[in-house]
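Asks: File query35.csv follows (CSV, C-alpha atoms):
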```
chain,number,residue,atom,x,y,z
D,1,GLY,CA,-10.7,4.2,12.6
D,2,TRP,CA,-7.1,5.2,13.4
D,3,MET,CA,-7.1,7.8,10.6
D,4,THR,CA,-9.7,9.8,12.5
D,5,TYR,CA,-6.9,11.1,14.7
D,6,VAL,CA,-4.7,12.2,11.8
D,7,ASP,CA,-4.7,16.0,11.3
D,8,ASP,CA,-6.9,17.1,8.4
D,9,SER,CA,-4.2,19.2,6.9
D,10,ALA,CA,-1.5,16.5,7.0
D,11,LEU,CA,-0.1,15.5,3.6
D,12,LEU,CA,-1.1,12.0,2.7
D,13,THR,CA,2.5,11.2,1.9
D,14,GLN,CA,3.4,12.0,5.6
D,15,ILE,CA,1.3,9.3,7.1
D,16,SER,CA,2.7,5.9,8.1
D,17,ILE,CA,0.3,3.4,6.5
D,18,PRO,CA,0.3,-0.4,6.9
D,19,GLY,CA,-0.6,-2.2,3.6
D,20,SER,CA,-1.1,-5.7,2.4
D,21,HIS,CA,0.9,-7.2,-0.5
D,22,ALA,CA,-1.2,-9.3,-2.9
D,23,SER,CA,-4.2,-8.5,-0.7
D,24,ALA,CA,-6.6,-11.2,-1.9
D,25,THR,CA,-4.6,-14.4,-1.9
D,26,TYR,CA,-6.7,-15.7,1.0
D,27,TYR,CA,-9.4,-16.3,-1.5
D,28,GLY,CA,-8.0,-19.4,-3.3
D,29,LEU,CA,-4.4,-19.8,-2.2
D,30,TYR,CA,-4.8,-20.2,1.6
D,31,ASN,CA,-3.2,-23.6,1.7
D,32,ASP,CA,-0.6,-23.0,-1.0
D,33,LEU,CA,2.6,-22.2,0.9
D,34,ALA,CA,4.4,-21.2,-2.3
D,35,TYR,CA,2.0,-18.4,-3.2
D,36,VAL,CA,-0.2,-17.4,-0.3
D,37,THR,CA,0.6,-14.0,1.1
D,38,GLN,CA,-2.5,-13.3,3.3
D,39,ARG,CA,-4.4,-15.8,5.4
D,40,VAL,CA,-7.0,-13.3,6.7
D,41,LYS,CA,-10.0,-12.0,4.8
D,42,LEU,CA,-10.0,-8.4,3.5
D,43,GLU,CA,-12.4,-7.4,6.3
D,44,GLY,CA,-10.0,-8.7,8.9
D,45,GLN,CA,-7.1,-6.9,7.3
D,46,TRP,CA,-9.1,-3.6,7.4
D,47,ASP,CA,-10.2,-4.2,11.0
D,48,ALA,CA,-6.5,-4.7,12.0
D,49,GLY,CA,-5.7,-1.2,10.6
D,50,VAL,CA,-4.6,-1.9,7.0
D,51,ARG,CA,-5.4,1.0,4.7
D,52,ALA,CA,-3.4,0.1,1.5
D,53,PHE,CA,-4.2,-2.8,-0.8
D,54,ASP,CA,-2.7,-4.4,-3.9
D,55,PHE,CA,-4.7,-6.2,-6.6
D,56,THR,CA,-3.9,-7.8,-10.0
D,57,VAL,CA,-7.0,-7.7,-12.2
D,58,ALA,CA,-7.9,-9.8,-15.2
D,59,PRO,CA,-9.8,-8.4,-18.2
D,60,ASP,CA,-13.0,-10.2,-16.9
D,61,GLY,CA,-12.6,-8.6,-13.5
D,62,GLY,CA,-11.3,-11.6,-11.6
D,63,LEU,CA,-8.3,-11.4,-9.4
D,64,SER,CA,-5.1,-13.4,-9.8
D,65,PHE,CA,-1.6,-13.7,-8.3
D,66,LYS,CA,1.5,-15.1,-10.1
D,67,GLY,CA,-0.8,-16.7,-12.7
D,68,ASN,CA,-3.1,-18.2,-10.1
D,69,THR,CA,-6.8,-17.4,-10.4
D,70,LEU,CA,-8.4,-16.2,-7.1
D,71,ALA,CA,-12.0,-16.8,-6.1
D,72,ARG,CA,-13.1,-13.2,-5.8
D,73,SER,CA,-13.4,-10.2,-8.2
D,74,PHE,CA,-12.0,-6.7,-8.1
D,75,ARG,CA,-15.5,-5.5,-7.6
D,76,ASP,CA,-16.0,-7.7,-4.5
D,77,MET,CA,-12.9,-6.2,-2.9
D,78,VAL,CA,-13.9,-2.6,-3.7
D,79,LYS,CA,-17.3,-3.2,-2.3
D,80,ILE,CA,-15.8,-4.4,1.0
D,81,MET,CA,-13.7,-1.3,1.3
D,82,GLN,CA,-16.7,0.9,0.4
D,83,GLU,CA,-18.7,-0.6,3.1
D,84,LYS,CA,-16.0,-0.1,5.7
D,85,LEU,CA,-15.7,3.6,4.7
D,86,MET,CA,-19.4,4.0,5.1
D,87,VAL,CA,-18.9,2.9,8.8
D,88,CYS,CA,-16.0,5.3,9.4
D,89,LYS,CA,-16.0,8.1,7.0
D,90,GLN,CA,-12.8,9.5,8.5
D,91,ASP,CA,-10.8,6.7,7.0
D,92,ALA,CA,-9.3,6.3,3.5
D,93,ALA,CA,-7.9,3.5,1.4
D,94,ILE,CA,-5.1,3.5,-1.1
D,95,VAL,CA,-5.5,0.8,-3.7
D,96,PHE,CA,-2.8,-0.3,-6.2
D,97,VAL,CA,-4.3,-1.9,-9.3
D,98,ARG,CA,-2.5,-3.5,-12.3
D,99,PRO,CA,-3.5,-5.8,-15.1
D,100,GLU,CA,-2.3,-9.4,-15.3
D,101,ASP,CA,1.1,-9.7,-17.1
D,102,SER,CA,-0.6,-12.0,-19.6
D,103,VAL,CA,-3.1,-9.4,-20.7
D,104,SER,CA,-2.8,-8.7,-24.5
D,105,GLU,CA,-3.1,-5.4,-26.1
D,106,SER,CA,-6.5,-6.4,-27.5
D,107,GLN,CA,-7.7,-7.4,-24.0
D,108,LEU,CA,-6.6,-4.1,-22.4
D,109,GLN,CA,-9.7,-2.3,-23.5
D,110,LEU,CA,-11.8,-4.9,-21.7
D,111,TRP,CA,-9.7,-4.3,-18.6
D,112,ARG,CA,-10.1,-0.6,-18.9
D,113,ASP,CA,-13.9,-0.9,-19.4
D,114,TYR,CA,-14.3,-3.2,-16.4
D,115,VAL,CA,-12.1,-1.1,-14.0
D,116,GLY,CA,-13.8,2.1,-15.2
D,117,ASP,CA,-17.2,0.6,-14.4
D,118,VAL,CA,-16.2,-0.4,-10.9
D,119,ILE,CA,-14.7,3.0,-10.1
D,120,SER,CA,-17.6,4.8,-11.8
D,121,ASP,CA,-20.1,3.0,-9.5
D,122,LEU,CA,-18.3,4.5,-6.5
D,123,ASP,CA,-19.2,8.0,-7.5
D,124,ASP,CA,-17.8,10.4,-4.9
D,125,ALA,CA,-16.2,7.6,-2.9
D,126,ALA,CA,-13.5,7.4,-5.6
D,127,ALA,CA,-11.0,10.2,-4.8
D,128,ILE,CA,-9.9,12.8,-7.3
D,129,TRP,CA,-6.1,12.6,-6.8
D,130,THR,CA,-4.1,15.8,-6.6
D,131,PRO,CA,-0.5,16.4,-5.8
D,132,MET,CA,0.0,17.5,-2.2
D,133,MET,CA,-3.2,15.6,-1.3
D,134,THR,CA,-4.2,16.0,2.3
D,135,MET,CA,-6.0,13.7,4.8
D,136,ARG,CA,-9.1,15.9,4.6
D,137,GLN,CA,-9.3,15.3,0.8
D,138,ALA,CA,-8.9,11.6,1.2
D,139,ARG,CA,-11.4,10.9,4.0
D,140,GLY,CA,-14.2,8.6,3.1
D,141,ARG,CA,-12.6,7.8,-0.2
D,142,ILE,CA,-10.5,5.3,-2.1
D,143,ILE,CA,-7.4,6.6,-3.9
D,144,PHE,CA,-6.7,4.3,-6.9
D,145,VAL,CA,-3.1,4.1,-8.1
D,146,LEU,CA,-3.2,2.3,-11.5
D,147,ASP,CA,-0.5,0.9,-13.8
D,148,GLU,CA,-3.0,1.4,-16.8
D,149,GLU,CA,-5.5,4.0,-17.8
D,150,PHE,CA,-9.1,3.1,-17.6
D,151,THR,CA,-12.3,4.0,-19.4
D,152,TRP,CA,-14.2,6.5,-17.2
D,153,ASN,CA,-17.9,6.7,-17.9
D,154,GLY,CA,-18.7,9.8,-15.8
D,155,LYS,CA,-17.1,13.2,-15.5
D,156,LYS,CA,-14.6,14.0,-18.2
D,157,ASP,CA,-12.7,16.7,-16.4
D,158,GLN,CA,-12.5,15.1,-12.9
D,159,VAL,CA,-11.3,11.6,-13.4
D,160,PRO,CA,-10.5,9.8,-10.1
D,161,GLY,CA,-7.2,8.0,-9.5
D,162,VAL,CA,-3.6,8.5,-10.5
D,163,ARG,CA,-1.6,6.8,-13.2
D,164,ALA,CA,1.7,5.3,-12.1
D,165,VAL,CA,4.5,4.9,-14.7
D,166,ARG,CA,7.6,3.2,-13.3
D,167,GLU,CA,11.3,3.5,-14.2
D,168,GLY,CA,13.5,1.5,-11.9
D,169,ASN,CA,12.6,2.5,-8.3
D,170,MET,CA,11.1,5.8,-9.3
D,171,VAL,CA,7.5,6.1,-10.3
D,172,SER,CA,5.9,9.1,-11.9
D,173,LEU,CA,2.4,9.7,-10.6
D,174,THR,CA,0.1,11.7,-12.9
D,175,SER,CA,-3.4,12.8,-12.2
D,176,MET,CA,-5.9,10.8,-14.3
D,177,SER,CA,-7.4,14.2,-15.1
D,178,GLY,CA,-4.0,15.2,-16.5
D,179,GLY,CA,-1.5,17.9,-15.9
D,180,ASN,CA,-0.5,17.3,-12.3
D,181,SER,CA,2.3,15.0,-11.1
D,182,GLU,CA,4.3,13.8,-8.2
D,183,LYS,CA,7.0,11.2,-7.5
D,184,MET,CA,6.9,7.9,-5.8
D,185,TYR,CA,9.9,5.9,-4.6
D,186,VAL,CA,9.4,2.1,-4.4
D,187,GLN,CA,11.5,-0.6,-2.7
D,188,ASP,CA,10.3,-4.0,-3.7
D,189,VAL,CA,13.5,-6.0,-4.5
D,190,SER,CA,13.1,-9.7,-4.8
D,191,GLY,CA,15.4,-12.6,-5.6
D,192,VAL,CA,17.8,-11.6,-2.8
D,193,SER,CA,18.8,-13.0,0.5
D,194,HIS,CA,16.8,-12.0,3.6
D,195,THR,CA,19.8,-10.1,4.8
D,196,ASP,CA,19.9,-8.0,1.6
D,197,LYS,CA,16.2,-7.6,1.7
D,198,LEU,CA,16.4,-6.2,5.3
D,199,SER,CA,19.1,-3.8,4.2
D,200,ALA,CA,16.8,-2.5,1.4
D,201,ILE,CA,13.9,-2.2,3.8
D,202,PHE,CA,15.8,-0.3,6.4
D,203,GLU,CA,17.5,2.0,3.9
D,204,ASN,CA,14.0,2.9,2.5
D,205,MET,CA,12.7,3.6,6.0
D,206,LYS,CA,15.6,5.8,6.9
D,207,LEU,CA,15.2,7.6,3.5
D,208,SER,CA,11.5,8.0,4.1
D,209,MET,CA,12.1,9.6,7.5
D,210,THR,CA,14.4,12.2,6.0
D,211,PHE,CA,11.5,13.6,4.0
D,212,ASP,CA,10.3,15.0,7.3
D,213,ASN,CA,13.4,17.2,7.5
D,214,LYS,CA,12.7,20.9,7.0
D,215,ASP,CA,15.4,21.2,4.4
D,216,VAL,CA,13.6,18.7,2.1
D,217,GLU,CA,10.6,20.4,0.4
D,218,GLU,CA,9.9,17.8,-2.3
D,219,ASN,CA,6.8,15.8,-1.6
D,220,VAL,CA,7.6,12.1,-2.4
D,221,TRP,CA,5.4,9.1,-1.9
D,222,MET,CA,7.3,6.2,-0.3
D,223,VAL,CA,6.4,2.5,-0.7
D,224,ASN,CA,8.3,-0.1,1.1
D,225,SER,CA,7.6,-3.8,0.4
D,226,LEU,CA,8.5,-6.3,3.1
D,227,ALA,CA,7.5,-9.2,0.8
D,228,LEU,CA,10.2,-11.8,0.0
D,229,ARG,CA,9.3,-15.0,-1.7
D,230,ASP,CA,12.6,-16.8,-1.4
D,231,GLU,CA,11.4,-20.3,-0.3
D,232,GLY,CA,7.8,-19.1,0.1
D,233,TYR,CA,6.3,-15.8,1.3
D,234,LEU,CA,5.5,-17.3,4.7
D,235,LYS,CA,9.1,-18.2,5.4
D,236,GLY,CA,10.2,-14.7,4.2
D,237,ALA,CA,7.7,-13.1,6.5
D,238,ILE,CA,8.7,-15.2,9.5
D,239,GLU,CA,12.3,-14.0,9.1
D,240,ILE,CA,11.7,-10.3,8.2
D,241,ILE,CA,8.7,-9.2,10.2
D,242,PRO,CA,10.3,-9.6,13.7
D,243,MET,CA,13.4,-7.7,12.5
D,244,VAL,CA,11.4,-4.8,11.1
D,245,TYR,CA,9.3,-4.6,14.3
D,246,GLY,CA,12.6,-4.6,16.3
D,247,PHE,CA,13.9,-1.8,14.2
D,248,LEU,CA,10.9,0.4,14.7
D,249,SER,CA,10.5,-0.4,18.4
D,250,GLY,CA,14.2,-0.3,19.3
D,251,ILE,CA,14.2,-3.8,20.6
D,252,GLN,CA,16.4,-5.4,18.0
D,253,ASN,CA,19.0,-3.4,16.0
D,254,SER,CA,21.0,-6.1,14.2
D,255,ALA,CA,20.1,-7.0,10.6
D,256,ALA,CA,19.9,-10.8,11.0
D,257,ASP,CA,23.3,-12.5,10.8
D,258,SER,CA,25.0,-9.9,8.7
D,259,GLY,CA,26.7,-8.2,11.6
D,260,GLU,CA,25.5,-4.9,10.2
D,261,LYS,CA,23.7,-2.7,12.7
D,262,TRP,CA,20.5,-1.0,11.7
D,263,GLN,CA,19.2,1.4,14.3
D,264,LYS,CA,16.4,4.0,14.0
D,265,THR,CA,18.2,7.3,14.8
D,266,GLU,CA,15.4,9.7,14.0
D,267,GLU,CA,11.6,9.9,13.8
D,268,GLY,CA,9.6,10.4,10.6
D,269,PRO,CA,7.0,9.0,8.3
D,270,LEU,CA,7.4,5.4,7.0
D,271,GLY,CA,5.1,5.9,4.0
D,272,ILE,CA,3.2,2.9,2.8
D,273,VAL,CA,4.6,-0.4,4.2
D,274,MET,CA,3.3,-3.4,2.2
D,275,MET,CA,3.4,-6.6,4.2
D,276,ASP,CA,2.6,-10.3,3.8
D,277,PHE,CA,0.3,-11.9,6.5
D,278,VAL,CA,-0.3,-8.3,7.6
D,279,SER,CA,-2.9,-8.9,10.3
D,280,GLU,CA,-2.1,-12.5,11.2
D,281,GLU,CA,-1.6,-13.7,14.8
D,282,SER,CA,-0.7,-17.4,14.8
D,283,ASP,CA,1.8,-19.9,16.1
D,284,GLU,CA,3.9,-19.4,13.0
D,285,ILE,CA,3.9,-15.6,12.7
D,286,SER,CA,2.9,-12.5,14.7
D,287,ALA,CA,2.4,-9.8,12.2
D,288,SER,CA,-0.4,-7.8,13.7
D,289,ILE,CA,2.0,-6.3,16.2
D,290,LEU,CA,4.0,-4.8,13.4
D,291,THR,CA,0.9,-3.4,11.8
D,292,GLU,CA,0.1,-1.7,15.1
D,293,GLU,CA,3.7,-0.4,15.4
D,294,ILE,CA,3.4,1.2,12.0
D,295,ILE,CA,0.2,3.0,13.0
D,296,LEU,CA,1.7,4.1,16.3
D,297,ASN,CA,4.6,5.6,14.4
D,298,ASN,CA,2.3,8.4,13.3
D,299,TYR,CA,2.5,9.8,16.9
D,300,ASN,CA,6.3,9.9,16.9
D,301,TYR,CA,6.8,12.9,14.6
D,302,LYS,CA,5.2,16.1,13.4
D,303,MET,CA,3.7,15.7,10.0
D,304,LYS,CA,4.2,18.2,7.2
D,305,THR,CA,1.1,20.0,6.1
D,306,ARG,CA,0.3,22.2,3.2
D,307,SER,CA,0.7,25.2,5.4
D,308,ASN,CA,4.1,24.4,6.9
D,309,LEU,CA,5.9,23.4,3.7
```
Show this structure as structure tokens.

Replies:
Amino acid sequence: GWMTYVDDSALLTQISIPGSHASATYYGLYNDLAYVTQRVKLEGQWDAGVRAFDFTVAPDGGLSFKGNTLARSFRDMVKIMQEKLMVCKQDAAIVFVRPEDSVSESQLQLWRDYVGDVISDLDDAAAIWTPMMTMRQARGRIIFVLDEEFTWNGKKDQVPGVRAVREGNMVSLTSMSGGNSEKMYVQDVSGVSHTDKLSAIFENMKLSMTFDNKDVEENVWMVNSLALRDEGYLKGAIEIIPMVYGFLSGIQNSAADSGEKWQKTEEGPLGIVMMDFVSEESDEISASILTEEIILNNYNYKMKTRSNL
């Protein structure tokens, strides 16, 4: 329940939030080193402090990743988060939802109907997103960020969630109720060396921290993906996670073997940091310590609020 200690008036964009990339690959790809990104159940990820999740949903409600079918549904995952929020109503979750790449135009309506039914069943636990959203507005709720619209079977004027339309690294976020918008900046480069990936990660973190500067009034959501498939997501995580932990903790300032120095020179929000193996503690990888470091970063700076913008 670490969000309990975040100021009610803090903007949600100002909070450093650990997230899991392809959150459900434990359910079906655990032993597939080419595609597995998480080897801990969703409950374990939540208990480790993760509060942002990422799902690819099929028209029938099943989950998938890179064309691989997983053994759980979107409804299953949402139910787990809802149960966790009932235990600690001071928490919140941010959930990124997209349809499978192979979904046809004719199947999209099935997708919209299914996602709409799941969100409708949440009732007030599904957050009505607004620009400049605060921690108080998010508590006890799930904020859905969707690549597609969905069919909402309840209120017509207060539709939960936010629609994300991407162009390059910039994403336009628009209220599902219409009329209100905000920007999101995403770093998720892939197909690069681990050195180039680290450079992109650190550049995003430093950029995110500048949004705490009093001279910058624009409210921008920041998403920073640490995922790098390269020769398998596990290999990428083994290389990247210790370096990012070192950057945040000040222990290690060199970006791998590039000779380029990356040092945290100021304090500020990290935004949403999406990770592979986010809560794992094993002989191969120690990722839970980075999850904790991201949470602890919230105590290193003064968050912007609606009142002090």

Asks: Give me the residues within 9 Å of D:Tyr114 as an MDAnalysis selection string, counting only C-alpha atoms and dropping any in the same chain fewer than 5 places off.

Replies: chainID D and resid 59:61 109 119 150:151

Asks: Go through D:Met77, D:Ala93, D:Met303, D:Met176 and flag the residue nearest D:Leu11, using all atoms listed in the file for the distances.

Replies: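 Closest residue, counting all atoms listed in the file: D:Met303.
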
Asks: Take atom CA of D:Ser249 and atom CA of D:Phe202 and report the distance between them in Å, one decimal.

Replies: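 According to the coordinates, atom CA of D:Ser249 and atom CA of D:Phe202 are separated by 13.1 Å.
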
Asks: Using all atoms listed in the file, find the one residue out of D:Leu207, D:Ala125, D:Val87, D:Met275 that sits nearest to D:Tyr233.

Replies: D:Met275

Asks: Can you tell me which residues surround D:Gln187 at a distance of at most 8 Å, considering all atoms listed in the file, apart from same-chain residues fewer than 2 positions away, and format the answer as number ranges by chain?

Replies: D: 169, 185, 189, 200-201, 204, 223-225

Asks: Residues of the last selection are to be written out with C-alpha atoms, as a PDB file, keeping the file's coordinate frame.

Replies:
```pdb
ATOM      1  CA  ASN D 169      12.600   2.500  -8.300  1.00  0.00           C
ATOM      2  CA  TYR D 185       9.900   5.900  -4.600  1.00  0.00           C
ATOM      3  CA  VAL D 189      13.500  -6.000  -4.500  1.00  0.00           C
ATOM      4  CA  ALA D 200      16.800  -2.500   1.400  1.00  0.00           C
ATOM      5  CA  ILE D 201      13.900  -2.200   3.800  1.00  0.00           C
ATOM      6  CA  ASN D 204      14.000   2.900   2.500  1.00  0.00           C
ATOM      7  CA  VAL D 223       6.400   2.500  -0.700  1.00  0.00           C
ATOM      8  CA  ASN D 224       8.300  -0.100   1.100  1.00  0.00           C
ATOM      9  CA  SER D 225       7.600  -3.800   0.400  1.00  0.00           C
TER      10      SER D 225
END
```

Asks: Would you mind listing what lies within 8 Å of D:Ser177 as a list in words, with only C-alpha atoms counted and same-chain residues fewer than 2 positions away left out?

Replies: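 In the requested format, the answer is Lys156, Asp157, Gln158, Val159, Pro160, Ser175 and Gly179 of chain D.
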
Asks: Which neighbours of D:Gln90 fall inside 10 Å, counting only C-alpha atoms, when residues of the same chain fewer than 5 positions from it are skipped, and could you give them as a list in words?

Replies: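 Selected residues are Gly1, Trp2, Met3, Thr4, Tyr5, Val6, Asp8, Leu85, Met135, Arg136, Ala138, Arg139, Gly140 and Arg141 of chain D.
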
Asks: Once you have the residues from the selection above, write them out as a PDB file, in the frame of the given file, restricted to C-alpha atoms.

Replies:
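Contents of part33.pdb, as written:
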```pdb
ATOM      1  CA  GLY D   1     -10.700   4.200  12.600  1.00  0.00           C
ATOM      2  CA  TRP D   2      -7.100   5.200  13.400  1.00  0.00           C
ATOM      3  CA  MET D   3      -7.100   7.800  10.600  1.00  0.00           C
ATOM      4  CA  THR D   4      -9.700   9.800  12.500  1.00  0.00           C
ATOM      5  CA  TYR D   5      -6.900  11.100  14.700  1.00  0.00           C
ATOM      6  CA  VAL D   6      -4.700  12.200  11.800  1.00  0.00           C
ATOM      7  CA  ASP D   8      -6.900  17.100   8.400  1.00  0.00           C
ATOM      8  CA  LEU D  85     -15.700   3.600   4.700  1.00  0.00           C
ATOM      9  CA  MET D 135      -6.000  13.700   4.800  1.00  0.00           C
ATOM     10  CA  ARG D 136      -9.100  15.900   4.600  1.00  0.00           C
ATOM     11  CA  ALA D 138      -8.900  11.600   1.200  1.00  0.00           C
ATOM     12  CA  ARG D 139     -11.400  10.900   4.000  1.00  0.00           C
ATOM     13  CA  GLY D 140     -14.200   8.600   3.100  1.00  0.00           C
ATOM     14  CA  ARG D 141     -12.600   7.800  -0.200  1.00  0.00           C
TER      15      ARG D 141
END
```

Asks: For a quick check of understanding, using all atoms listed in the file, which of D:Gly28, D:Val115, D:Ala48, D:Gly161 has the smallest distance to D:Phe277?

Replies: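 Looking at the shortest contact to D:Phe277, the residue is D:Ala48.
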
Asks: Report as a list in words all protein, DNA and RNA residues lying within 7 Å of D:Val36, evaluated on only C-alpha atoms, omitting residues in the same chain fewer than 3 positions from it.

Replies: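 So, after excluding close chain neighbours, the residues are Thr25, Tyr26, Leu29, Tyr30, Asp32, Leu33 and Tyr233 of chain D.
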
Asks: From the set D:Ser64, D:Gln137, D:Gln38, D:Gln82, which residue has the shortest atom-to-atom contact distance to D:Val103, counting all atoms listed in the file?

Replies: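 Between D:Ser64, D:Gln137, D:Gln38, D:Gln82, the residue approaching D:Val103 most closely is D:Ser64.
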
Asks: How many Å separate atom CA of D:His21 from atom CA of D:Lys264?

Replies: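 It comes out at 24.0 Å.
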
Asks: By how many Å are atom CA of D:Ile272 and atom CA of D:Thr291 apart?

Replies: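 Separation of atom CA of D:Ile272 and atom CA of D:Thr291: 11.2 Å.
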
Asks: Please determine, counting only C-alpha atoms, which residue among D:Leu110, D:Val273, D:Arg39, D:Lys304 has the shortest atom-to-atom distance to D:Ile285.

Replies: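 Answer, going by the shortest atom-to-atom distance: D:Arg39.
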
Asks: Nearest to D:Leu146 among D:Glu167, D:Ala92, D:Val57, D:Leu198, with distances taken over all atoms listed in the file: which residue is it?

Replies: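 The closest residue to D:Leu146 is D:Val57.
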